[in-house]
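Colleague: Okay, here's the structure, questions in a sec.
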2 protein chains.
Amino acid sequence: MKNNKIIELEMGGGGKKSEELIGSIRNILSVKGKWQNTKDDGAVYDLKNLWTSNVHNGHSMSTSKLVFTTDAFIVDPLFFPGGDIGKIAICGTLNDLSVMGAKPIGISLSIVIEEGFLQSDLEKIISSIQDISKKTSVPIVTGDTKVTEKGKIDKIEITTSGVGLASKIISNDGAKAGDDIIVSGNLGEHAVALLAKRFNYQTKIKSDCQPLICEIQSVSKYLTSCKDPTRGGLSAVLNEMAEKSKTKFVLEEKTLPYKKETVAISELLGIDVFSFPSEGRFVATVAKKDSQKVIGILKKYNKSARIIGEVQKGQEVWLKTKIGAVKKIEVPRGKLIPRIC
Amino acid sequence: MKNNKIIELEMGGGGKKSEELIGSIRNILSVKGKWQNTKDDGAVYDLKNLWTSNVHNGHSMSTSKLVFTTDAFIVDPLFFPGGDIGKIAICGTLNDLSVMGAKPIGISLSIVIEEGFLQSDLEKIISSIQDISKKTSVPIVTGDTKVTEKGKIDKIEITTSGVGLASKIISNDGAKAGDDIIVSGNLGEHAVALLAKRFNYQTKIKSDCQPLICEIQSVSKYLTSCKDPTRGGLSAVLNEMAEKSKTKFVLEEKTLPYKKETVAISELLGIDVFSFPSEGRFVATVAKKDSQKVIGILKKYNKSARIIGEVQKGQEVWLKTKIGAVKKIEVPRGKLIPRIC
């Protein structure tokens, strides 16, 4: 970080500039301890560290890895078709654990509230969190609540952290040439629902915000890599997975998981649909021999689950268009829409 | 929560109104799962859950409890004598784990930054976090960074969560009649250092902000209850400990752990010194037979460690003044100074 520079809004969008900001923070933080150096959102600690070798010798824990993750949410609007900031906050953290193959066991909830915020709105937000907590049987186990003066924060900010347990970690660097690329459903509907209010258009599309625990656990043993396309959308996550896996991702345009209306709205707004975030979908790679089975299972949860392309030797992310041309899909750059996830 | 009500600034101060707000949130969040129902800031999960009984039968894990905690920091000023928001954020979470008897193993770091924030200031804050991380050998293992539009947040907000391991949990409800009440050093100096800038007075006092890992671990086996006097100061934590332990706390005014200058500044500002927060001190109870030994150990870290009173049968917190009168020490009510911890 150079000294006269300032933080720019684009650094929070999930694109190239975000990577630079996060990279500069990571460079300063050098203590690693006993945690595994994964390239994922969550950190992994092997609980077998706690046992002397003779104690666990010959035995095995069914779930021996602790996964730990965190996410901050400063969403605008707070309430939208299909959810609110509370629902995104809990789902986002549950999903970050789930895409790593972990079973979430507990969530922390930290809330900063602007003085003057309606208690009834707070109650709605907390109730949304409780709904998901109940549905998934993952408790909110600890928290913090701060109130700040008028104008010092825009209404409310929520940070959720989560801990989960896993027997095997699914990393986002495990894609192999020959794997199929799959999605768990249509993408970008979270963006469509949130942008509707800000750009004042009518849509029946609701946010896709939901927990992914069951879907992912039902197929996790088949996944070679997995990630949820939130900030920066499909283009950001696929580029990350391709780069970390040292492979090339080739998508088929005819199978792309966007509703017509989602594409139409992206064109209307002049925003690349590939950068539209989702809050309840995942992208994964699966060995070709398993992909039909996996899609069969996932279709029970969402009929739009499908194969969207293939992992090949090489690098970068490419789109094969319907007319047979190929087009590179870049990491989103420049001004992305802030505060929608 | 009634529907037409708004969130008031006093609800974030650490006093009676804070308890009401937090209570109303807790009432909605009812899912408990396998976590122990402790009355502390952190949540406790027994890792022995992970083993089938025959596997750990006859053996024991030295540290079998996972402790999980979170805290949000929206401090003003960001930089102050003795630290900055980064140092408070990491120390606060390390200390929340430490006062429960846990050894911190990893911290998550979530940052929300206002567009236009100086990169060099961010670098200073992250470096402070790194200093404490290095000194304590507790790594920052996962994080999130968001950037928001100008005016949507006041400069920077940091939320840290932490996980730690413990063999035995020290709770804040374990005080017994006959125990001595001890503090690890003089209190309130964090408040003095931060308020200096806001109320424009000169002081040589620096914030007491520091990690408490070593101090607490060196005496933890003797502590019957423990807590760090942050928001709401000594009066808030002692009232909490007395209430949860169903005991009466009696303090001796002549031994009270405040520097003369701290008391003078509290009088100047008209703020009860007992509500002044610290960010690197703890209050604990210890069986009388152990208290001299404990103070002896703690004095190696801080010469001001001392016994300040006694736990008795009864309820509430009382102060025996130098002239022999007794005065009730109440939980702080009404307007407390926000955003100093």
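So you can find residues: chains in the structure tokens are A, B, ... in the order shown, residues in each start at 1, and ligands are numbered from 1 in order.
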Check the DSSP output for the backbone and give back, as a compact mmCIF listing (two decimals) with N, CA and C atoms, in the first residue's frame, the residues of range 2-210 of chain A in helix (DSSP H, G or I).

Modeller:
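out16.txt written:
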# COMPACT_ATOMS: atom_id res chain seq x y z
N LEU A 9 -13.96 2.83 -3.83
CA LEU A 9 -15.16 2.01 -3.76
C LEU A 9 -15.00 0.70 -4.53
N GLU A 10 -14.33 0.75 -5.66
CA GLU A 10 -14.14 -0.44 -6.49
C GLU A 10 -13.37 -1.54 -5.76
N MET A 11 -12.65 -1.15 -4.72
CA MET A 11 -11.86 -2.14 -3.98
C MET A 11 -12.75 -3.08 -3.17
N GLY A 12 -14.05 -2.76 -3.11
CA GLY A 12 -14.96 -3.61 -2.34
C GLY A 12 -15.91 -4.42 -3.19
N LYS A 16 -11.00 -7.35 -9.51
CA LYS A 16 -9.54 -7.29 -9.47
C LYS A 16 -9.03 -6.37 -8.35
N LYS A 17 -9.67 -5.20 -8.23
CA LYS A 17 -9.21 -4.24 -7.21
C LYS A 17 -9.46 -4.75 -5.79
N SER A 18 -10.49 -5.56 -5.61
CA SER A 18 -10.72 -6.18 -4.30
C SER A 18 -9.57 -7.10 -3.96
N GLU A 19 -9.17 -7.88 -4.95
CA GLU A 19 -8.06 -8.82 -4.72
C GLU A 19 -6.81 -8.09 -4.28
N GLU A 20 -6.57 -6.91 -4.90
CA GLU A 20 -5.38 -6.14 -4.55
C GLU A 20 -5.45 -5.66 -3.10
N LEU A 21 -6.62 -5.14 -2.71
CA LEU A 21 -6.77 -4.64 -1.34
C LEU A 21 -6.59 -5.78 -0.33
N ILE A 22 -7.27 -6.88 -0.60
CA ILE A 22 -7.18 -8.02 0.33
C ILE A 22 -5.75 -8.56 0.37
N GLY A 23 -5.11 -8.59 -0.80
CA GLY A 23 -3.72 -9.04 -0.87
C GLY A 23 -2.81 -8.17 -0.01
N SER A 24 -3.05 -6.85 -0.05
CA SER A 24 -2.18 -5.94 0.71
C SER A 24 -2.39 -6.14 2.22
N ILE A 25 -3.61 -6.47 2.63
CA ILE A 25 -3.86 -6.75 4.05
C ILE A 25 -3.21 -8.07 4.45
N ARG A 26 -3.39 -9.08 3.59
CA ARG A 26 -2.80 -10.40 3.89
C ARG A 26 -1.29 -10.33 4.00
N ASN A 27 -0.68 -9.46 3.18
CA ASN A 27 0.78 -9.35 3.22
C ASN A 27 1.29 -8.93 4.58
N ILE A 28 0.52 -8.07 5.25
CA ILE A 28 0.96 -7.60 6.57
C ILE A 28 0.75 -8.70 7.62
N LEU A 47 -8.28 -30.75 14.35
CA LEU A 47 -8.52 -31.02 15.78
C LEU A 47 -7.72 -32.20 16.28
N LYS A 48 -7.16 -32.97 15.38
CA LYS A 48 -6.29 -34.07 15.81
C LYS A 48 -5.05 -33.54 16.53
N ASN A 49 -4.73 -32.26 16.30
CA ASN A 49 -3.67 -31.60 17.06
C ASN A 49 -3.87 -31.73 18.56
N LEU A 50 -5.13 -31.88 18.97
CA LEU A 50 -5.44 -31.86 20.40
C LEU A 50 -5.11 -33.17 21.09
N SER A 53 -0.42 -38.59 20.05
CA SER A 53 -0.52 -39.56 18.95
C SER A 53 -1.00 -40.92 19.44
N ASN A 54 -0.56 -41.33 20.64
CA ASN A 54 -0.98 -42.67 21.09
C ASN A 54 -2.47 -42.74 21.41
N VAL A 55 -3.04 -41.59 21.70
CA VAL A 55 -4.46 -41.60 22.02
C VAL A 55 -5.32 -41.83 20.79
N HIS A 56 -5.03 -41.10 19.73
CA HIS A 56 -5.90 -41.30 18.57
C HIS A 56 -5.37 -42.36 17.60
N ILE A 85 -31.34 -8.14 5.15
CA ILE A 85 -29.91 -8.20 5.51
C ILE A 85 -29.62 -9.32 6.52
N GLY A 86 -30.59 -9.62 7.37
CA GLY A 86 -30.39 -10.69 8.35
C GLY A 86 -30.27 -12.04 7.69
N LYS A 87 -31.17 -12.28 6.74
CA LYS A 87 -31.15 -13.56 6.02
C LYS A 87 -29.85 -13.72 5.22
N ILE A 88 -29.43 -12.64 4.54
CA ILE A 88 -28.17 -12.73 3.80
C ILE A 88 -27.02 -13.02 4.75
N ALA A 89 -27.02 -12.34 5.90
CA ALA A 89 -25.89 -12.46 6.82
C ALA A 89 -25.72 -13.89 7.32
N ILE A 90 -26.82 -14.51 7.71
CA ILE A 90 -26.68 -15.88 8.22
C ILE A 90 -26.44 -16.86 7.07
N CYS A 91 -27.16 -16.69 5.95
CA CYS A 91 -26.96 -17.62 4.82
C CYS A 91 -25.54 -17.50 4.27
N GLY A 92 -25.03 -16.27 4.17
CA GLY A 92 -23.69 -16.07 3.62
C GLY A 92 -22.64 -16.86 4.39
N THR A 93 -22.73 -16.82 5.70
CA THR A 93 -21.73 -17.51 6.52
C THR A 93 -21.98 -19.02 6.55
N LEU A 94 -23.23 -19.43 6.61
CA LEU A 94 -23.51 -20.87 6.50
C LEU A 94 -22.97 -21.41 5.18
N ASN A 95 -23.17 -20.64 4.11
CA ASN A 95 -22.74 -21.12 2.79
C ASN A 95 -21.22 -21.14 2.63
N ASP A 96 -20.55 -20.17 3.25
CA ASP A 96 -19.08 -20.18 3.19
C ASP A 96 -18.53 -21.45 3.86
N LEU A 97 -19.18 -21.88 4.93
CA LEU A 97 -18.76 -23.14 5.57
C LEU A 97 -19.14 -24.33 4.69
N SER A 98 -20.35 -24.29 4.15
CA SER A 98 -20.86 -25.43 3.38
C SER A 98 -20.02 -25.70 2.13
N GLN A 119 -36.98 -0.21 16.06
CA GLN A 119 -36.89 -1.50 16.76
C GLN A 119 -37.66 -2.59 16.02
N SER A 120 -38.76 -2.20 15.38
CA SER A 120 -39.55 -3.20 14.65
C SER A 120 -38.76 -3.74 13.44
N ASP A 121 -37.95 -2.88 12.82
CA ASP A 121 -37.11 -3.36 11.71
C ASP A 121 -36.02 -4.30 12.24
N LEU A 122 -35.46 -3.93 13.39
CA LEU A 122 -34.45 -4.81 13.99
C LEU A 122 -35.07 -6.17 14.30
N GLU A 123 -36.29 -6.13 14.82
CA GLU A 123 -36.98 -7.35 15.17
C GLU A 123 -37.20 -8.23 13.93
N LYS A 124 -37.58 -7.60 12.81
CA LYS A 124 -37.77 -8.35 11.56
C LYS A 124 -36.47 -9.02 11.13
N ILE A 125 -35.39 -8.26 11.22
CA ILE A 125 -34.08 -8.77 10.79
C ILE A 125 -33.65 -9.95 11.66
N ILE A 126 -33.80 -9.78 12.98
CA ILE A 126 -33.41 -10.87 13.89
C ILE A 126 -34.30 -12.09 13.67
N SER A 127 -35.58 -11.85 13.39
CA SER A 127 -36.49 -12.97 13.15
C SER A 127 -36.11 -13.73 11.88
N SER A 128 -35.64 -13.03 10.86
CA SER A 128 -35.16 -13.70 9.64
C SER A 128 -33.98 -14.61 9.96
N ILE A 129 -33.09 -14.10 10.80
CA ILE A 129 -31.93 -14.89 11.20
C ILE A 129 -32.40 -16.14 11.95
N GLN A 130 -33.34 -15.91 12.87
CA GLN A 130 -33.87 -17.02 13.65
C GLN A 130 -34.53 -18.07 12.75
N ASP A 131 -35.28 -17.63 11.73
CA ASP A 131 -35.92 -18.58 10.81
C ASP A 131 -34.90 -19.53 10.18
N ILE A 132 -33.81 -18.94 9.69
CA ILE A 132 -32.79 -19.78 9.04
C ILE A 132 -32.07 -20.64 10.07
N SER A 133 -31.82 -20.07 11.25
CA SER A 133 -31.17 -20.82 12.32
C SER A 133 -32.00 -22.05 12.68
N LYS A 134 -33.31 -21.86 12.76
CA LYS A 134 -34.23 -22.94 13.12
C LYS A 134 -34.29 -23.98 12.00
N LYS A 135 -34.43 -23.48 10.77
CA LYS A 135 -34.55 -24.37 9.62
C LYS A 135 -33.31 -25.25 9.45
N THR A 136 -32.16 -24.70 9.75
CA THR A 136 -30.91 -25.43 9.53
C THR A 136 -30.40 -26.08 10.82
N GLU A 189 -30.00 -13.96 -9.37
CA GLU A 189 -31.31 -13.43 -8.99
C GLU A 189 -31.27 -12.59 -7.72
N HIS A 190 -30.27 -12.79 -6.93
CA HIS A 190 -30.09 -11.88 -5.79
C HIS A 190 -29.83 -10.45 -6.30
N ALA A 191 -28.98 -10.32 -7.30
CA ALA A 191 -28.68 -9.00 -7.87
C ALA A 191 -29.94 -8.38 -8.48
N VAL A 192 -30.69 -9.16 -9.23
CA VAL A 192 -31.90 -8.64 -9.88
C VAL A 192 -32.87 -8.07 -8.84
N ALA A 193 -33.08 -8.83 -7.76
CA ALA A 193 -34.04 -8.40 -6.73
C ALA A 193 -33.58 -7.13 -6.01
N LEU A 194 -32.28 -7.03 -5.73
CA LEU A 194 -31.80 -5.85 -5.01
C LEU A 194 -31.69 -4.61 -5.89
N LEU A 195 -31.29 -4.83 -7.13
CA LEU A 195 -31.12 -3.68 -8.02
C LEU A 195 -32.47 -3.08 -8.43
N ALA A 196 -33.53 -3.90 -8.38
CA ALA A 196 -34.87 -3.43 -8.77
C ALA A 196 -35.25 -2.18 -7.98
N LYS A 197 -34.97 -2.24 -6.67
CA LYS A 197 -35.36 -1.11 -5.83
C LYS A 197 -34.49 0.11 -6.13
N ARG A 198 -33.20 -0.15 -6.37
CA ARG A 198 -32.30 0.99 -6.57
C ARG A 198 -32.48 1.64 -7.94
N PHE A 199 -32.75 0.81 -8.97
CA PHE A 199 -32.89 1.37 -10.32
C PHE A 199 -34.36 1.48 -10.73

Colleague: Give me the residues near Lys155 in chain B as a list in words, where near means some atom within 9 Å (using only C-alpha atoms) and where sequence neighbours in that chain fewer than 2 positions away do not count.

Modeller: Lys152 of chain A; Ile74, Leu78, Val112, Ile113, Glu114, Glu115, Gly116, Phe117, Lys150, Gly151, Lys152, Ile153 and Glu157 of chain B

Colleague: Could you save those same residues with C-alpha atoms as a PDB file, in the first residue's frame?

Modeller:
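Output saved as selection_26.pdb:
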ATOM      1  CA  LYS A 152     -22.010   7.389  11.750  1.00  0.00           C
TER       2      LYS A 152
ATOM      3  CA  ILE B  74     -16.446   1.501  16.018  1.00  0.00           C
ATOM      4  CA  LEU B  78      -9.161   5.699  15.610  1.00  0.00           C
ATOM      5  CA  VAL B 112     -15.790  -2.245   6.599  1.00  0.00           C
ATOM      6  CA  ILE B 113     -13.996   0.806   5.212  1.00  0.00           C
ATOM      7  CA  GLU B 114     -15.394   4.135   4.012  1.00  0.00           C
ATOM      8  CA  GLU B 115     -14.397   5.108   0.494  1.00  0.00           C
ATOM      9  CA  GLY B 116     -11.653   7.748   0.706  1.00  0.00           C
ATOM     10  CA  PHE B 117     -10.026   6.276   3.837  1.00  0.00           C
ATOM     11  CA  LYS B 150     -18.643   8.067   1.449  1.00  0.00           C
ATOM     12  CA  GLY B 151     -20.872   8.921   4.393  1.00  0.00           C
ATOM     13  CA  LYS B 152     -22.274   5.403   4.802  1.00  0.00           C
ATOM     14  CA  ILE B 153     -19.883   4.511   7.593  1.00  0.00           C
ATOM     15  CA  GLU B 157     -15.542  -0.536  11.480  1.00  0.00           C
TER      16      GLU B 157
END

Colleague: In Å, how far is it from CA of Thr142 in chain A to CA of Ser278 in chain A?

Modeller: 26.9 Å

Colleague: Which is closer to chain A than all the others in B:Leu336, B:Val273, B:Ala177, B:Leu268, using only C-alpha atoms?

Modeller: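 Of B:Leu336, B:Val273, B:Ala177, B:Leu268, the one nearest chain A is B:Leu336, counting only C-alpha atoms.
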
Colleague: Pick out the residues sitting within 9 Å of Val237 in chain B, and hand them over as a JSON list (two decimals) with N, CA and C atoms, in the first residue's frame; count only C-alpha atoms, and ignore anything fewer than 4 positions along from it in its own chain.

Modeller:
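around-v1.json written:
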[["chain", "number", "residue", "atom", "x", "y", "z"],
["B", 172, "ASN", "N", -18.39, -16.32, 34.50],
["B", 172, "ASN", "CA", -18.52, -15.14, 35.36],
["B", 172, "ASN", "C", -19.62, -15.32, 36.42],
["B", 227, "LYS", "N", -13.69, -11.69, 34.38],
["B", 227, "LYS", "CA", -14.35, -10.84, 33.38],
["B", 227, "LYS", "C", -13.46, -9.63, 33.10],
["B", 228, "ASP", "N", -13.50, -9.10, 31.88],
["B", 228, "ASP", "CA", -12.74, -7.88, 31.61],
["B", 228, "ASP", "C", -13.67, -6.67, 31.64],
["B", 229, "PRO", "N", -13.28, -5.64, 32.39],
["B", 229, "PRO", "CA", -14.17, -4.48, 32.56],
["B", 229, "PRO", "C", -14.08, -3.51, 31.38],
["B", 230, "THR", "N", -14.70, -3.88, 30.26],
["B", 230, "THR", "CA", -14.69, -3.01, 29.07],
["B", 230, "THR", "C", -15.91, -2.08, 29.14],
["B", 231, "ARG", "N", -16.82, -2.19, 28.19],
["B", 231, "ARG", "CA", -17.99, -1.29, 28.18],
["B", 231, "ARG", "C", -18.72, -1.32, 29.52],
["B", 232, "GLY", "N", -18.94, -0.16, 30.08],
["B", 232, "GLY", "CA", -19.66, -0.10, 31.36],
["B", 232, "GLY", "C", -18.73, -0.19, 32.57],
["B", 233, "GLY", "N", -17.43, -0.49, 32.33],
["B", 233, "GLY", "CA", -16.43, -0.46, 33.38],
["B", 233, "GLY", "C", -16.65, -1.44, 34.53],
["B", 241, "MET", "N", -21.34, -10.02, 37.53],
["B", 241, "MET", "CA", -20.79, -11.17, 38.24],
["B", 241, "MET", "C", -21.56, -11.46, 39.53],
["B", 242, "ALA", "N", -21.90, -10.39, 40.25],
["B", 242, "ALA", "CA", -22.63, -10.57, 41.52],
["B", 242, "ALA", "C", -24.00, -11.17, 41.25],
["B", 283, "VAL", "N", -10.92, -8.53, 36.04],
["B", 283, "VAL", "CA", -11.40, -8.60, 37.41],
["B", 283, "VAL", "C", -11.73, -10.06, 37.64],
["B", 331, "VAL", "N", -25.39, -0.48, 38.29],
["B", 331, "VAL", "CA", -25.10, -0.65, 36.86],
["B", 331, "VAL", "C", -25.27, 0.72, 36.22]]

Colleague: Using DSSP on the backbone coordinates, identify all residues within range 142-203 of chain A classified as strand (DSSP E or B); present the result as a PyMOL selection string.

Modeller: chain A and resi 142-148+153+156-166+180-183

Colleague: For a test of reading the model, state the distance in Å between CA of Ala325 in chain B and CA of Glu253 in chain B, rounded to one decimal.

Modeller: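 Taking CA of Ala325 in chain B as the start and CA of Glu253 in chain B as the end point, the length is 10.0 Å.
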
Colleague: Nearest residue to Phe68 in chain A out of A:Ile107, A:Val263, A:Ile216, A:Ile329, using only C-alpha atoms?

Modeller: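 Counting only C-alpha atoms, the residue closest to Phe68 in chain A is A:Ile107.
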
Colleague: Would you work out the distance separating CA of Thr224 in chain B from CA of Met100 in chain B, expressed in Å to one decimal?

Modeller: 10.5 Å

Colleague: Any idea what's packed within 12 Å of Lys313 in chain A, counting only C-alpha atoms, ignoring anything in its chain fewer than 3 positions away? Could you give it as a ChimeraX atom specification?

Modeller: /A:175-179,242-243,245-250,310,316-317

Colleague: Go ahead and dump the residues you just picked, N, CA and C atoms, as an mmCIF file, in the first residue's frame.

Modeller:
data_model
loop_
_atom_site.group_PDB
_atom_site.id
_atom_site.type_symbol
_atom_site.label_atom_id
_atom_site.label_comp_id
_atom_site.auth_asym_id
_atom_site.auth_seq_id
_atom_site.Cartn_x
_atom_site.Cartn_y
_atom_site.Cartn_z
ATOM 1 N N ALA A 175 -10.078 -28.387 -8.902
ATOM 2 C CA ALA A 175 -10.614 -28.759 -10.224
ATOM 3 C C ALA A 175 -9.553 -29.463 -11.064
ATOM 4 N N LYS A 176 -9.987 -30.528 -11.774
ATOM 5 C CA LYS A 176 -9.054 -31.312 -12.604
ATOM 6 C C LYS A 176 -9.503 -31.239 -14.057
ATOM 7 N N ALA A 177 -8.547 -31.208 -14.957
ATOM 8 C CA ALA A 177 -8.889 -31.258 -16.383
ATOM 9 C C ALA A 177 -9.739 -32.505 -16.622
ATOM 10 N N GLY A 178 -10.839 -32.336 -17.339
ATOM 11 C CA GLY A 178 -11.754 -33.448 -17.568
ATOM 12 C C GLY A 178 -13.004 -33.382 -16.694
ATOM 13 N N ASP A 179 -12.937 -32.622 -15.594
ATOM 14 C CA ASP A 179 -14.130 -32.462 -14.743
ATOM 15 C C ASP A 179 -15.223 -31.694 -15.486
ATOM 16 N N ALA A 242 -10.247 -21.411 -11.524
ATOM 17 C CA ALA A 242 -9.363 -21.793 -12.637
ATOM 18 C C ALA A 242 -7.913 -21.469 -12.291
ATOM 19 N N GLU A 243 -7.722 -20.266 -11.744
ATOM 20 C CA GLU A 243 -6.359 -19.842 -11.423
ATOM 21 C C GLU A 243 -5.754 -20.717 -10.314
ATOM 22 N N SER A 245 -6.646 -23.691 -9.381
ATOM 23 C CA SER A 245 -6.540 -25.095 -9.793
ATOM 24 C C SER A 245 -5.551 -25.277 -10.950
ATOM 25 N N LYS A 246 -5.048 -24.172 -11.459
ATOM 26 C CA LYS A 246 -4.148 -24.196 -12.628
ATOM 27 C C LYS A 246 -4.785 -24.971 -13.796
ATOM 28 N N THR A 247 -6.017 -24.628 -14.095
ATOM 29 C CA THR A 247 -6.747 -25.262 -15.193
ATOM 30 C C THR A 247 -7.497 -24.189 -15.978
ATOM 31 N N LYS A 248 -8.089 -24.625 -17.095
ATOM 32 C CA LYS A 248 -8.893 -23.738 -17.946
ATOM 33 C C LYS A 248 -10.354 -24.144 -17.779
ATOM 34 N N PHE A 249 -11.221 -23.169 -17.617
ATOM 35 C CA PHE A 249 -12.657 -23.443 -17.492
ATOM 36 C C PHE A 249 -13.321 -23.013 -18.802
ATOM 37 N N VAL A 250 -14.040 -23.936 -19.447
ATOM 38 C CA VAL A 250 -14.730 -23.592 -20.698
ATOM 39 C C VAL A 250 -16.237 -23.766 -20.498
ATOM 40 N N GLU A 310 -16.838 -27.387 -18.911
ATOM 41 C CA GLU A 310 -15.845 -28.431 -18.689
ATOM 42 C C GLU A 310 -14.512 -27.816 -18.272
ATOM 43 N N GLU A 316 -7.348 -19.675 -17.513
ATOM 44 C CA GLU A 316 -8.395 -18.678 -17.779
ATOM 45 C C GLU A 316 -9.780 -19.308 -17.945
ATOM 46 N N VAL A 317 -10.756 -18.409 -18.104
ATOM 47 C CA VAL A 317 -12.145 -18.853 -18.250
ATOM 48 C C VAL A 317 -12.657 -18.405 -19.612
#

Colleague: Which residues come within 10 Å of Ser110 in chain A, counting only C-alpha atoms, excluding same-chain residues fewer than 5 positions away, as a PyMOL selection string?

Modeller: (chain A and resi 72+142-146+157-161) or (chain B and resi 69-73+159-161)

Colleague: Filtering to C-alpha atoms, could you give me those residues as a PDB file, in the first residue's frame?

Modeller:
ATOM      1  CA  ALA A  72     -19.540  -8.360   6.873  1.00  0.00           C
ATOM      2  CA  THR A 142     -22.595 -15.619  20.666  1.00  0.00           C
ATOM      3  CA  GLY A 143     -22.912 -11.992  19.630  1.00  0.00           C
ATOM      4  CA  ASP A 144     -22.241  -8.328  20.125  1.00  0.00           C
ATOM      5  CA  THR A 145     -24.513  -5.314  19.717  1.00  0.00           C
ATOM      6  CA  LYS A 146     -23.276  -1.740  19.364  1.00  0.00           C
ATOM      7  CA  GLU A 157     -24.190  -3.386   9.661  1.00  0.00           C
ATOM      8  CA  ILE A 158     -24.042  -7.087  10.467  1.00  0.00           C
ATOM      9  CA  THR A 159     -20.999  -9.325  10.711  1.00  0.00           C
ATOM     10  CA  THR A 160     -21.513 -13.048  11.047  1.00  0.00           C
ATOM     11  CA  SER A 161     -18.762 -15.551  11.747  1.00  0.00           C
TER      12      SER A 161
ATOM     13  CA  THR B  69     -16.722 -15.150  20.640  1.00  0.00           C
ATOM     14  CA  THR B  70     -17.218 -11.949  18.601  1.00  0.00           C
ATOM     15  CA  ASP B  71     -16.979  -8.173  19.050  1.00  0.00           C
ATOM     16  CA  ALA B  72     -17.606  -5.105  16.872  1.00  0.00           C
ATOM     17  CA  PHE B  73     -15.428  -1.985  17.149  1.00  0.00           C
ATOM     18  CA  THR B 159     -15.389  -6.954  13.812  1.00  0.00           C
ATOM     19  CA  THR B 160     -13.146  -9.652  15.229  1.00  0.00           C
ATOM     20  CA  SER B 161     -14.263 -13.122  16.158  1.00  0.00           C
TER      21      SER B 161
END

Colleague: Rank B:Phe276, B:Ile169, B:Thr148, B:Leu118 by their smallest atom-to-atom distance to Lys5 in chain A, using only C-alpha atoms, and report the top residue only.

Modeller: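 For Lys5 in chain A, the nearest of the given residues is B:Leu118.
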